Number of protein chains: 2
Amino acid sequence: MKKKTTIYDIATKLNITAATVSRALNDSELISKKTKKMVLEAADELSYFKNRHALALKSGRTNQVGLVVPFINRHFFSNIIMGVEEELYPKGYQVMIFQSNESERKEKDIIEALLQNQVDGVLISVSKTTRIKDHFNKIIDNNLPLIFFDRKADIENSSCVETDDVLGGKIATQHLIDQGCSQIAYVTVDLNLNIYTNRFKGYKESLKYNGIDFRKELVFQANSDIASGRKVARQILSSDANIDAIFCSSDYIALGVMQELKEQNVSIPDDVAVVGFSNEPFTELLDLTLTSIEQSPYEMGKSAARVFLDQMNSKNANIEHAIKLKPKLCIRDSSLKNNRTMHK
Amino acid sequence: MKKKTTIYDIATKLNITAATVSRALNDSELISKKTKKMVLEAADELSYFKNRHALALKSGRTNQVGLVVPFINRHFFSNIIMGVEEELYPKGYQVMIFQSNESERKEKDIIEALLQNQVDGVLISVSKTTRIKDHFNKIIDNNLPLIFFDRKADIENSSCVETDDVLGGKIATQHLIDQGCSQIAYVTVDLNLNIYTNRFKGYKESLKYNGIDFRKELVFQANSDIASGRKVARQILSSDANIDAIFCSSDYIALGVMQELKEQNVSIPDDVAVVGFSNEPFTELLDLTLTSIEQSPYEMGKSAARVFLDQMNSKNANIEHAIKLKPKLCIRDSSLKNNRTMHK
DNA sequence: ATACTCTATGCAATGGATTGCACAATATAA
DNA sequence: TTATATTGTGCAATCCATTGCATAGAGTAT
């Protein structure tokens, strides 16, 4: 097993001290050009590279940030990651990516590991099963920037970047109303998460604004996947509710709903208009394209990264930032009752 | 700025030495139960956590592995990541995920950073622009396990896990021939990558096996995206070649091809059958579902992780492993000429 | 009471890089 | 030639946890 090269090896070889080597490698002005050149050559020859752990130990800083998402293989989250990296990589930060798999237990473990790694900050979208929040407070206690994105927890001195989900819920609902719908079913996911309660709030506010009574029996619950969407569609169809639109708080649910409606020969959007949420890529690949709400995950990632940088660069790591990104309605065939050909 | 708690803080508080604290925290049998209890309580009270950098420095091991993919937001790669994590997380390894963005330069930087981090091994799918391979050899020189997955480079003492792409190319082509096609256009991506040369090889072998002449003019080049697929479809249609099938070495290309054929009123699969590669999730969400080759990325990730563990646990880190995973044909509407309804 | 085990703990070095302070060597000024 | 700057290096402590070796103190046997 070959030993790794250290500055001591270089020093011995050149008959100088490690201190000089260190200064030379860091291009200190105290060191003569001749020595610098010597050191650089020797370093190359011995294929030396710095030991980041020694650095971290000495300096207390790592230039690493922790990034925690529920799942990495969702378009939404992987694009957030892209955005964060894009912003942080040029500034010399390494992004350590972890997935919680929606497990509170794993989320705790990850944060423990991040703290052990002495990361300079944590960016996180909380797992939907998370109830306790000790692990978040630990981050704050250690004076590290804590930035939530999309899904947040209520933690003092933390920041967050989120979509204006209330607005998202509103514009989707308003759009359906504009299309002439009034009996709009709403399918929600776990109401424990801020994003879903906010979308729901937007839905209700929009109904009220348009003078339409909110009807509890038009609200359904599902998980964010296709099968669950199919199931809820069957529920809706077999209920007494005489609906003319379904607003799903997830594109996957919407897709399942559309598949089921199609099989049951319900015409979309004429009998029932459908709207999803998140603007997953598949929404425009479908033969019957799906109207959805774009959340700009890439921008969200960049924004979260910038908040982190802000906090790092200001004296006080814990100024709270709160950023809301505007969602955008992407109108497609599944909800557009007139002029379909125009948008084909 | 609050200082972080160390074992010395705990030692001072309890009037014992750091050595004792360290042993107590590691549940050493040398330490009495009473002392252990005291230490554990104090540690909790001071919200102590281990400094991994000190550990790494001392032990020379980090229990971290580097995982490098071209892009994180591709279904194929993100599922490989899932597989790797699934296998390595329970064994106490942290997976550091990086994306090269298909840039040789960034790939080099990442590997440099991984070495600085003293990772215990590297799993990588090489960027398609990578030509030099010094950075890979550096890993081997440092006696670290190097495992390629999907896209590999030719490096001595490294291991690799790949799809049997030749077989993939064969079964897709054979399927098209079985459907009665004989003038099969082939669309390839960057032939610098092993995966694409192998798929191409499979295509040619299959033609030969079936006594069909290989025709150079039926081979087209494109990038792995929808727009490029549309473009190549236009090329194919406007060429003299009178084809009855298009085998695309990427699902994204196949999707673009299908969109374009549809617009030009070419019937799929009756006039032209289409087959893709990778079995991206959208292939079965389309109205006209796309036949494709499943590569089981999740399994590939698990397999790569197991190779890493094998190498770690054997004395010699550089036994070469070479694993080929069997691809699977997923037959869908885009290529199935008869009995379409059966598969609806 | 003496000699001899154990048991539980302390001491000190180690790993790699940084950095304030001291100092030698050289250059400049008087 | 002597005093004074100016450069370029070296010394040693530090960051935190681990661990081989030494040892104090308690317990046991004779």
# chains A, B, ... in the order shown; residues from 1 in each chain; ligands from 1

$ closest_atom_pairs --of "chain B" --to "chain A" --cutoff "7 Å" --atoms "only C-alpha atoms" --output "CSV"
residue,atom,partner,partner_atom,distance
B:Met1,CA,A:Asn143,CA,6.7
B:Lys2,CA,A:Asn142,CA,6.7
B:Phe49,CA,A:Gln116,CA,6.0
B:Lys50,CA,A:Gln116,CA,5.4
B:Asn51,CA,A:Gln116,CA,5.0
B:Arg52,CA,A:Gln116,CA,5.4
B:His53,CA,A:His53,CA,4.7
B:Ala54,CA,A:Leu57,CA,6.2
B:Ala56,CA,A:His53,CA,6.6
B:Leu57,CA,A:His53,CA,6.0
B:Ile72,CA,A:Ser78,CA,6.3
B:Asn73,CA,A:Ser78,CA,5.0
B:His75,CA,A:Asn73,CA,6.3
B:Ser78,CA,A:Asn73,CA,5.0
B:Asn79,CA,A:Asn73,CA,6.4
B:Met96,CA,A:Met96,CA,5.9
B:Ile97,CA,A:Ile97,CA,6.1
B:Gln116,CA,A:Asn51,CA,5.1
B:Asn117,CA,A:Arg52,CA,5.5
B:Asn142,CA,A:Lys2,CA,6.8
B:Asn143,CA,A:Met1,CA,6.8
B:Phe282,CA,A:Phe282,CA,6.3
B:Leu285,CA,A:Leu286,CA,6.7
B:Leu286,CA,A:Leu286,CA,5.3
B:Asp287,CA,A:Asp287,CA,5.3

$ closest_atom_pairs --of "chain D" --to "chain B" --cutoff "12 Å" --atoms "only C-alpha atoms (C1' of nucleotides)" --output "CSV"
residue,atom,partner,partner_atom,distance
D:DC15,C1',B:Ala54,CA,8.3
D:DC16,C1',B:Ala54,CA,5.0
D:DA17,C1',B:Ala54,CA,5.8
D:DT18,C1',B:Lys58,CA,7.0
D:DT19,C1',B:Ala19,CA,8.6

$ write_last_selection --atoms "C-alpha atoms (C1' of nucleotides)" --output "CSV table (one decimal), in the first residue's frame"
chain,number,residue,atom,x,y,z
D,15,DC,C1',-6.8,21.7,15.1
D,16,DC,C1',-9.3,16.7,17.3
D,17,DA,C1',-9.5,11.9,18.1
D,18,DT,C1',-7.0,7.6,18.7
D,19,DT,C1',-4.0,4.2,20.8

$ interface_residues --of "chain C" --to "chain A" --cutoff "9 Å" --atoms "only C-alpha atoms (C1' of nucleotides)" --output "list in words"
DG15, DG16, DA17, DT18 and DT19 of chain C

$ select_by_dssp --residues "region 61-297 of chain B" --states "helix (DSSP H, G or I)" --output "VMD selection string"
chain B and resid 75 to 91 104 to 116 134 to 141 165 to 178 194 to 209 216 to 218 226 to 238 251 to 263 281 to 284 297

$ residues_around --residues "region 248-251 of chain A" --least-positions-apart "5" --cutoff "10 Å" --atoms "only C-alpha atoms (C1' of nucleotides)" --output "ChimeraX atom specification"
/A:168-169,172,185-189,195-196,199-200,220-226,229,256-257,274-283,290-293

$ write_last_selection --atoms "N, CA and C atoms" --output "mmCIF file, in the first residue's frame"
data_model
loop_
_atom_site.group_PDB
_atom_site.id
_atom_site.type_symbol
_atom_site.label_atom_id
_atom_site.label_comp_id
_atom_site.auth_asym_id
_atom_site.auth_seq_id
_atom_site.Cartn_x
_atom_site.Cartn_y
_atom_site.Cartn_z
ATOM 1 N N GLY A 168 -49.983 29.564 -6.769
ATOM 2 C CA GLY A 168 -50.086 28.451 -7.715
ATOM 3 C C GLY A 168 -51.476 27.832 -7.685
ATOM 4 N N GLY A 169 -51.963 27.592 -6.471
ATOM 5 C CA GLY A 169 -53.298 27.030 -6.323
ATOM 6 C C GLY A 169 -54.368 27.951 -6.914
ATOM 7 N N ALA A 172 -54.215 28.172 -10.952
ATOM 8 C CA ALA A 172 -54.719 26.951 -11.569
ATOM 9 C C ALA A 172 -56.245 26.913 -11.473
ATOM 10 N N ALA A 185 -63.125 19.400 -8.518
ATOM 11 C CA ALA A 185 -62.605 18.503 -7.484
ATOM 12 C C ALA A 185 -61.164 18.868 -7.205
ATOM 13 N N TYR A 186 -60.757 18.660 -5.964
ATOM 14 C CA TYR A 186 -59.368 18.961 -5.615
ATOM 15 C C TYR A 186 -58.740 17.711 -5.008
ATOM 16 N N VAL A 187 -57.581 17.322 -5.533
ATOM 17 C CA VAL A 187 -56.883 16.158 -4.979
ATOM 18 C C VAL A 187 -55.596 16.626 -4.322
ATOM 19 N N THR A 188 -55.510 16.380 -3.042
ATOM 20 C CA THR A 188 -54.340 16.839 -2.300
ATOM 21 C C THR A 188 -53.455 15.666 -1.902
ATOM 22 N N VAL A 189 -52.224 15.986 -1.529
ATOM 23 C CA VAL A 189 -51.316 15.011 -0.942
ATOM 24 C C VAL A 189 -51.167 15.434 0.521
ATOM 25 N N ILE A 195 -46.287 22.869 1.389
ATOM 26 C CA ILE A 195 -46.623 23.082 -0.021
ATOM 27 C C ILE A 195 -48.058 22.672 -0.333
ATOM 28 N N TYR A 196 -48.490 21.562 0.261
ATOM 29 C CA TYR A 196 -49.843 21.098 -0.067
ATOM 30 C C TYR A 196 -50.926 21.892 0.645
ATOM 31 N N ARG A 199 -51.260 25.059 -1.478
ATOM 32 C CA ARG A 199 -51.968 24.897 -2.752
ATOM 33 C C ARG A 199 -53.472 24.809 -2.500
ATOM 34 N N PHE A 200 -53.793 24.085 -1.464
ATOM 35 C CA PHE A 200 -55.186 23.901 -1.086
ATOM 36 C C PHE A 200 -55.799 25.258 -0.729
ATOM 37 N N PHE A 220 -60.317 15.355 -2.246
ATOM 38 C CA PHE A 220 -59.862 13.967 -2.139
ATOM 39 C C PHE A 220 -58.388 13.929 -1.770
ATOM 40 N N GLN A 221 -58.000 12.790 -1.226
ATOM 41 C CA GLN A 221 -56.614 12.646 -0.802
ATOM 42 C C GLN A 221 -55.952 11.510 -1.572
ATOM 43 N N ALA A 222 -54.677 11.689 -1.926
ATOM 44 C CA ALA A 222 -53.956 10.635 -2.654
ATOM 45 C C ALA A 222 -52.470 10.759 -2.393
ATOM 46 N N ASN A 223 -51.742 9.763 -2.840
ATOM 47 C CA ASN A 223 -50.289 9.867 -2.814
ATOM 48 C C ASN A 223 -49.824 10.381 -4.171
ATOM 49 N N SER A 224 -48.592 10.859 -4.169
ATOM 50 C CA SER A 224 -48.111 11.461 -5.398
ATOM 51 C C SER A 224 -47.566 10.424 -6.378
ATOM 52 N N ASP A 225 -48.441 9.539 -6.857
ATOM 53 C CA ASP A 225 -48.020 8.596 -7.892
ATOM 54 C C ASP A 225 -49.192 8.237 -8.803
ATOM 55 N N ILE A 226 -48.856 7.570 -9.887
ATOM 56 C CA ILE A 226 -49.855 7.296 -10.920
ATOM 57 C C ILE A 226 -50.971 6.389 -10.417
ATOM 58 N N GLY A 229 -53.357 8.081 -8.389
ATOM 59 C CA GLY A 229 -54.179 8.959 -9.217
ATOM 60 C C GLY A 229 -55.339 8.196 -9.850
ATOM 61 N N GLY A 256 -52.357 9.726 -13.608
ATOM 62 C CA GLY A 256 -53.181 8.573 -13.266
ATOM 63 C C GLY A 256 -54.659 8.868 -13.490
ATOM 64 N N VAL A 257 -55.063 10.059 -13.102
ATOM 65 C CA VAL A 257 -56.455 10.480 -13.290
ATOM 66 C C VAL A 257 -56.816 10.454 -14.769
ATOM 67 N N VAL A 274 -58.564 18.745 -16.611
ATOM 68 C CA VAL A 274 -57.596 18.279 -15.613
ATOM 69 C C VAL A 274 -56.397 19.224 -15.571
ATOM 70 N N VAL A 275 -55.976 19.533 -14.350
ATOM 71 C CA VAL A 275 -54.773 20.345 -14.171
ATOM 72 C C VAL A 275 -53.869 19.666 -13.137
ATOM 73 N N GLY A 276 -52.587 19.682 -13.410
ATOM 74 C CA GLY A 276 -51.617 19.090 -12.475
ATOM 75 C C GLY A 276 -50.773 20.162 -11.816
ATOM 76 N N PHE A 277 -49.707 19.740 -11.188
ATOM 77 C CA PHE A 277 -48.841 20.697 -10.502
ATOM 78 C C PHE A 277 -47.404 20.198 -10.557
ATOM 79 N N SER A 278 -46.516 21.029 -10.988
ATOM 80 C CA SER A 278 -45.054 20.834 -11.018
ATOM 81 C C SER A 278 -44.442 20.889 -12.401
ATOM 82 N N ASN A 279 -45.297 20.701 -13.415
ATOM 83 C CA ASN A 279 -44.798 20.743 -14.783
ATOM 84 C C ASN A 279 -43.652 19.778 -15.019
ATOM 85 N N GLU A 280 -43.897 18.552 -14.666
ATOM 86 C CA GLU A 280 -42.919 17.499 -14.956
ATOM 87 C C GLU A 280 -42.754 17.408 -16.478
ATOM 88 N N PRO A 281 -41.596 16.972 -16.924
ATOM 89 C CA PRO A 281 -41.338 16.931 -18.368
ATOM 90 C C PRO A 281 -42.382 16.132 -19.139
ATOM 91 N N PHE A 282 -42.875 15.068 -18.541
ATOM 92 C CA PHE A 282 -43.807 14.231 -19.302
ATOM 93 C C PHE A 282 -45.110 14.938 -19.646
ATOM 94 N N THR A 283 -45.420 16.012 -18.928
ATOM 95 C CA THR A 283 -46.698 16.685 -19.177
ATOM 96 C C THR A 283 -46.855 17.126 -20.628
ATOM 97 N N LEU A 290 -50.763 17.866 -20.655
ATOM 98 C CA LEU A 290 -51.354 18.197 -19.352
ATOM 99 C C LEU A 290 -51.037 19.624 -18.902
ATOM 100 N N THR A 291 -52.059 20.363 -18.603
ATOM 101 C CA THR A 291 -51.875 21.703 -18.034
ATOM 102 C C THR A 291 -51.274 21.574 -16.639
ATOM 103 N N SER A 292 -50.291 22.408 -16.353
ATOM 104 C CA SER A 292 -49.644 22.269 -15.054
ATOM 105 C C SER A 292 -49.039 23.595 -14.591
ATOM 106 N N ILE A 293 -48.518 23.567 -13.379
ATOM 107 C CA ILE A 293 -47.899 24.761 -12.797
ATOM 108 C C ILE A 293 -46.389 24.582 -12.750
#

$ select_by_dssp --residues "region 65-246 of chain B" --states "strand (DSSP E)" --output "CSV table (one decimal) with all heavy atoms, in the first residue's frame"
chain,number,residue,atom,x,y,z
B,65,VAL,N,-17.2,7.3,-0.5
B,65,VAL,CA,-16.8,7.0,-1.8
B,65,VAL,C,-17.3,8.1,-2.7
B,65,VAL,O,-18.3,8.8,-2.5
B,65,VAL,CB,-17.4,5.6,-2.3
B,65,VAL,CG1,-17.0,4.5,-1.4
B,65,VAL,CG2,-18.9,5.7,-2.5
B,66,GLY,N,-16.6,8.3,-3.8
B,66,GLY,CA,-17.0,9.3,-4.8
B,66,GLY,C,-17.8,8.7,-5.9
B,66,GLY,O,-17.5,7.6,-6.4
B,67,LEU,N,-18.9,9.3,-6.3
B,67,LEU,CA,-19.7,8.8,-7.4
B,67,LEU,C,-19.9,9.9,-8.4
B,67,LEU,O,-20.4,11.0,-8.1
B,67,LEU,CB,-21.1,8.4,-6.8
B,67,LEU,CG,-22.1,7.8,-7.7
B,67,LEU,CD1,-21.6,6.6,-8.5
B,67,LEU,CD2,-23.4,7.5,-7.0
B,68,VAL,N,-19.4,9.6,-9.6
B,68,VAL,CA,-19.4,10.7,-10.6
B,68,VAL,C,-20.3,10.3,-11.8
B,68,VAL,O,-20.1,9.2,-12.4
B,68,VAL,CB,-18.0,11.0,-11.1
B,68,VAL,CG1,-18.0,12.2,-12.0
B,68,VAL,CG2,-17.0,11.1,-9.9
B,69,VAL,N,-21.2,11.1,-12.1
B,69,VAL,CA,-22.1,10.8,-13.3
B,69,VAL,C,-22.1,12.1,-14.2
B,69,VAL,O,-21.8,13.2,-13.8
B,69,VAL,CB,-23.6,10.5,-12.9
B,69,VAL,CG1,-23.6,9.2,-12.1
B,69,VAL,CG2,-24.1,11.7,-12.1
B,94,GLN,N,-20.5,6.8,3.1
B,94,GLN,CA,-21.2,8.0,2.6
B,94,GLN,C,-20.9,8.1,1.1
B,94,GLN,O,-19.7,7.9,0.7
B,94,GLN,CB,-20.7,9.2,3.3
B,94,GLN,CG,-21.5,9.6,4.5
B,94,GLN,CD,-20.9,10.9,5.1
B,94,GLN,OE1,-20.3,11.7,4.5
B,94,GLN,NE2,-21.2,11.0,6.4
B,95,VAL,N,-21.9,8.4,0.3
B,95,VAL,CA,-21.7,8.5,-1.1
B,95,VAL,C,-21.6,10.0,-1.5
B,95,VAL,O,-22.6,10.7,-1.3
B,95,VAL,CB,-22.8,7.8,-1.9
B,95,VAL,CG1,-22.5,7.9,-3.4
B,95,VAL,CG2,-22.9,6.3,-1.5
B,96,MET,N,-20.5,10.4,-2.0
B,96,MET,CA,-20.4,11.8,-2.5
B,96,MET,C,-20.7,11.8,-4.0
B,96,MET,O,-19.9,11.3,-4.8
B,96,MET,CB,-19.0,12.3,-2.2
B,96,MET,CG,-18.6,12.3,-0.7
B,96,MET,SD,-17.1,13.1,-0.4
B,96,MET,CE,-17.5,14.8,-0.7
B,97,ILE,N,-21.8,12.5,-4.3
B,97,ILE,CA,-22.2,12.5,-5.7
B,97,ILE,C,-21.8,13.8,-6.4
B,97,ILE,O,-21.9,14.9,-5.9
B,97,ILE,CB,-23.8,12.5,-5.7
B,97,ILE,CG1,-24.3,11.3,-4.9
B,97,ILE,CG2,-24.3,12.5,-7.1
B,97,ILE,CD1,-25.7,11.3,-4.5
B,98,PHE,N,-21.2,13.6,-7.6
B,98,PHE,CA,-20.8,14.7,-8.4
B,98,PHE,C,-21.2,14.5,-9.9
B,98,PHE,O,-21.4,13.4,-10.3
B,98,PHE,CB,-19.3,14.8,-8.4
B,98,PHE,CG,-18.7,15.2,-7.0
B,98,PHE,CD1,-18.4,14.3,-6.1
B,98,PHE,CD2,-18.6,16.6,-6.7
B,98,PHE,CE1,-17.9,14.7,-4.9
B,98,PHE,CE2,-18.1,17.0,-5.5
B,98,PHE,CZ,-17.8,16.0,-4.6
B,99,GLN,N,-21.5,15.6,-10.6
B,99,GLN,CA,-21.8,15.5,-12.0
B,99,GLN,C,-20.7,16.2,-12.8
B,99,GLN,O,-20.3,17.3,-12.5
B,99,GLN,CB,-23.2,16.0,-12.3
B,99,GLN,CG,-23.6,17.3,-11.6
B,99,GLN,CD,-25.0,17.6,-11.9
B,99,GLN,OE1,-25.7,17.0,-12.8
B,99,GLN,NE2,-25.6,18.6,-11.2
B,121,GLY,N,-12.7,5.1,-2.5
B,121,GLY,CA,-12.9,4.5,-3.8
B,121,GLY,C,-13.7,5.5,-4.7
B,121,GLY,O,-14.3,6.4,-4.2
B,122,VAL,N,-13.7,5.2,-6.0
B,122,VAL,CA,-14.4,6.0,-6.9
B,122,VAL,C,-15.2,5.2,-7.9
B,122,VAL,O,-14.7,4.2,-8.5
B,122,VAL,CB,-13.4,6.9,-7.8
B,122,VAL,CG1,-14.1,7.7,-8.8
B,122,VAL,CG2,-12.6,7.8,-6.9
B,123,LEU,N,-16.5,5.5,-8.0
B,123,LEU,CA,-17.4,4.9,-9.0
B,123,LEU,C,-17.7,6.0,-10.1
B,123,LEU,O,-18.1,7.1,-9.7
B,123,LEU,CB,-18.7,4.4,-8.4
B,123,LEU,CG,-18.5,3.6,-7.1
B,123,LEU,CD1,-19.9,3.3,-6.5
B,123,LEU,CD2,-17.8,2.3,-7.4
B,124,ILE,N,-17.5,5.7,-11.3
B,124,ILE,CA,-17.7,6.7,-12.3
B,124,ILE,C,-18.2,6.2,-13.7
B,124,ILE,O,-17.9,5.1,-14.1
B,124,ILE,CB,-16.3,7.5,-12.5
B,124,ILE,CG1,-16.5,8.7,-13.5
B,124,ILE,CG2,-15.2,6.6,-13.0
B,124,ILE,CD1,-15.3,9.6,-13.5
B,146,LEU,N,-11.3,1.6,-8.4
B,146,LEU,CA,-11.9,2.4,-9.4
B,146,LEU,C,-12.9,1.6,-10.2
B,146,LEU,O,-12.5,0.6,-10.8
B,146,LEU,CB,-10.8,3.0,-10.3
B,146,LEU,CG,-11.3,3.7,-11.6
B,146,LEU,CD1,-12.1,4.9,-11.2
B,146,LEU,CD2,-10.1,4.1,-12.5
B,147,ILE,N,-14.1,1.9,-10.1
B,147,ILE,CA,-15.1,1.1,-10.8
B,147,ILE,C,-15.9,2.0,-11.8
B,147,ILE,O,-16.5,3.0,-11.5
B,147,ILE,CB,-16.1,0.5,-9.8
B,147,ILE,CG1,-15.4,-0.5,-8.9
B,147,ILE,CG2,-17.3,-0.2,-10.5
B,147,ILE,CD1,-15.1,0.0,-7.5
B,148,PHE,N,-15.8,1.6,-13.0
B,148,PHE,CA,-16.6,2.2,-14.1
B,148,PHE,C,-18.0,1.6,-14.2
B,148,PHE,O,-18.1,0.4,-14.0
B,148,PHE,CB,-15.9,2.1,-15.4
B,148,PHE,CG,-14.6,2.9,-15.5
B,148,PHE,CD1,-13.4,2.2,-15.5
B,148,PHE,CD2,-14.7,4.3,-15.7
B,148,PHE,CE1,-12.2,2.9,-15.5
B,148,PHE,CE2,-13.5,5.0,-15.8
B,148,PHE,CZ,-12.3,4.3,-15.7
B,149,PHE,N,-19.0,2.4,-14.4
B,149,PHE,CA,-20.3,1.8,-14.7
B,149,PHE,C,-20.8,2.4,-16.0
B,149,PHE,O,-20.6,3.6,-16.3
B,149,PHE,CB,-21.3,1.9,-13.6
B,149,PHE,CG,-21.4,3.3,-13.1
B,149,PHE,CD1,-22.4,4.1,-13.6
B,149,PHE,CD2,-20.7,3.8,-12.0
B,149,PHE,CE1,-22.6,5.4,-13.2
B,149,PHE,CE2,-20.9,5.0,-11.5
B,149,PHE,CZ,-21.8,5.9,-12.1
B,159,SER,N,-12.2,-1.8,-12.5
B,159,SER,CA,-13.3,-2.7,-12.8
B,159,SER,C,-14.4,-2.1,-13.5
B,159,SER,O,-14.4,-0.8,-13.7
B,159,SER,CB,-13.9,-3.2,-11.4
B,159,SER,OG,-13.0,-4.0,-10.8
B,160,CYS,N,-15.3,-2.8,-14.0
B,160,CYS,CA,-16.5,-2.2,-14.7
B,160,CYS,C,-17.7,-3.0,-14.6
B,160,CYS,O,-17.7,-4.2,-14.6
B,160,CYS,CB,-16.1,-1.8,-16.1
B,160,CYS,SG,-16.2,-3.1,-17.2
B,161,VAL,N,-18.8,-2.3,-14.6
B,161,VAL,CA,-20.1,-2.9,-14.6
B,161,VAL,C,-20.9,-2.3,-15.8
B,161,VAL,O,-21.0,-1.0,-15.8
B,161,VAL,CB,-20.9,-2.6,-13.3
B,161,VAL,CG1,-22.3,-3.2,-13.4
B,161,VAL,CG2,-20.2,-3.2,-12.1
B,162,GLU,N,-21.3,-3.0,-16.7
B,162,GLU,CA,-22.0,-2.4,-17.9
B,162,GLU,C,-23.1,-3.3,-18.4
B,162,GLU,O,-23.3,-4.5,-18.0
B,162,GLU,CB,-20.9,-2.3,-19.0
B,162,GLU,CG,-20.3,-3.6,-19.4
B,162,GLU,CD,-19.1,-3.4,-20.4
B,162,GLU,OE1,-19.2,-2.4,-21.2
B,162,GLU,OE2,-18.2,-4.3,-20.5
B,163,THR,N,-24.0,-2.7,-19.2
B,163,THR,CA,-25.0,-3.4,-19.8
B,163,THR,C,-24.3,-4.2,-21.0
B,163,THR,O,-23.4,-3.6,-21.6
B,163,THR,CB,-26.0,-2.5,-20.4
B,163,THR,OG1,-26.5,-1.6,-19.4
B,163,THR,CG2,-27.2,-3.2,-21.0
B,184,ILE,N,-33.5,-1.3,-42.0
B,184,ILE,CA,-33.6,-0.7,-40.7
B,184,ILE,C,-32.5,0.4,-40.6
B,184,ILE,O,-31.3,0.1,-40.6
B,184,ILE,CB,-33.3,-1.8,-39.6
B,184,ILE,CG1,-34.4,-2.9,-39.8
B,184,ILE,CG2,-33.4,-1.2,-38.2
B,184,ILE,CD1,-34.1,-4.1,-39.0
B,185,ALA,N,-33.0,1.6,-40.4
B,185,ALA,CA,-32.1,2.8,-40.2
B,185,ALA,C,-31.6,2.7,-38.8
B,185,ALA,O,-32.3,2.2,-37.9
B,185,ALA,CB,-32.8,4.1,-40.4
B,186,TYR,N,-30.3,3.1,-38.6
B,186,TYR,CA,-29.8,3.1,-37.3
B,186,TYR,C,-29.3,4.5,-36.9
B,186,TYR,O,-28.6,5.2,-37.7
B,186,TYR,CB,-28.6,2.1,-37.2
B,186,TYR,CG,-28.0,2.1,-35.8
B,186,TYR,CD1,-28.6,1.4,-34.8
B,186,TYR,CD2,-26.8,2.7,-35.5
B,186,TYR,CE1,-28.1,1.3,-33.5
B,186,TYR,CE2,-26.3,2.7,-34.2
B,186,TYR,CZ,-26.9,2.0,-33.2
B,186,TYR,OH,-26.4,1.9,-32.0
B,187,VAL,N,-29.7,5.0,-35.8
B,187,VAL,CA,-29.3,6.3,-35.3
B,187,VAL,C,-28.4,6.2,-34.1
B,187,VAL,O,-28.8,5.7,-33.1
B,187,VAL,CB,-30.5,7.2,-35.0
B,187,VAL,CG1,-30.0,8.7,-34.6
B,187,VAL,CG2,-31.5,7.3,-36.1
B,188,THR,N,-27.2,6.6,-34.2
B,188,THR,CA,-26.2,6.5,-33.2
B,188,THR,C,-25.9,7.8,-32.5
B,188,THR,O,-26.2,8.9,-33.1
B,188,THR,CB,-24.9,5.8,-33.7
B,188,THR,OG1,-24.0,5.6,-32.5
B,188,THR,CG2,-24.2,6.8,-34.6
B,219,VAL,N,-27.1,4.6,-41.7
B,219,VAL,CA,-26.6,5.0,-40.4
B,219,VAL,C,-26.6,6.5,-40.3
B,219,VAL,O,-26.1,7.2,-41.1
B,219,VAL,CB,-25.2,4.4,-40.2
B,219,VAL,CG1,-24.7,4.8,-38.8
B,219,VAL,CG2,-25.3,2.9,-40.3
B,220,PHE,N,-27.2,7.0,-39.2
B,220,PHE,CA,-27.3,8.4,-39.0
B,220,PHE,C,-26.7,8.7,-37.6
B,220,PHE,O,-26.7,7.9,-36.7
B,220,PHE,CB,-28.7,8.9,-39.1
B,220,PHE,CG,-29.3,8.7,-40.5
B,220,PHE,CD1,-29.8,7.4,-40.8
B,220,PHE,CD2,-29.3,9.7,-41.4
B,220,PHE,CE1,-30.3,7.2,-42.1
B,220,PHE,CE2,-29.8,9.5,-42.7
B,220,PHE,CZ,-30.3,8.2,-43.0
B,221,GLN,N,-26.3,10.0,-37.5
B,221,GLN,CA,-25.7,10.4,-36.2
B,221,GLN,C,-26.6,11.5,-35.6
B,221,GLN,O,-27.1,12.4,-36.3
B,221,GLN,CB,-24.3,10.9,-36.5
B,221,GLN,CG,-23.6,11.5,-35.2
B,221,GLN,CD,-22.4,10.7,-34.8
B,221,GLN,OE1,-21.9,9.8,-35.5
B,221,GLN,NE2,-22.0,10.9,-33.5
B,245,ALA,N,-37.9,0.8,-40.8
B,245,ALA,CA,-37.8,0.8,-39.3
B,245,ALA,C,-36.6,1.8,-38.9
B,245,ALA,O,-35.7,2.0,-39.7
B,245,ALA,CB,-37.5,-0.6,-38.8
B,246,ILE,N,-36.7,2.3,-37.7
B,246,ILE,CA,-35.6,3.1,-37.2
B,246,ILE,C,-35.3,2.7,-35.8
B,246,ILE,O,-36.1,2.7,-34.9
B,246,ILE,CB,-36.0,4.6,-37.2
B,246,ILE,CG1,-36.5,5.1,-38.6
B,246,ILE,CG2,-34.8,5.5,-36.7
B,246,ILE,CD1,-36.9,6.6,-38.6

$ residues_around --residues "DT7 (chain D)" --least-positions-apart "3" --cutoff "10 Å" --atoms "only C-alpha atoms (C1' of nucleotides)" --output "list in words"
Leu30, Ile31 and Ser32 of chain A; DA25, DT26 and DA27 of chain C
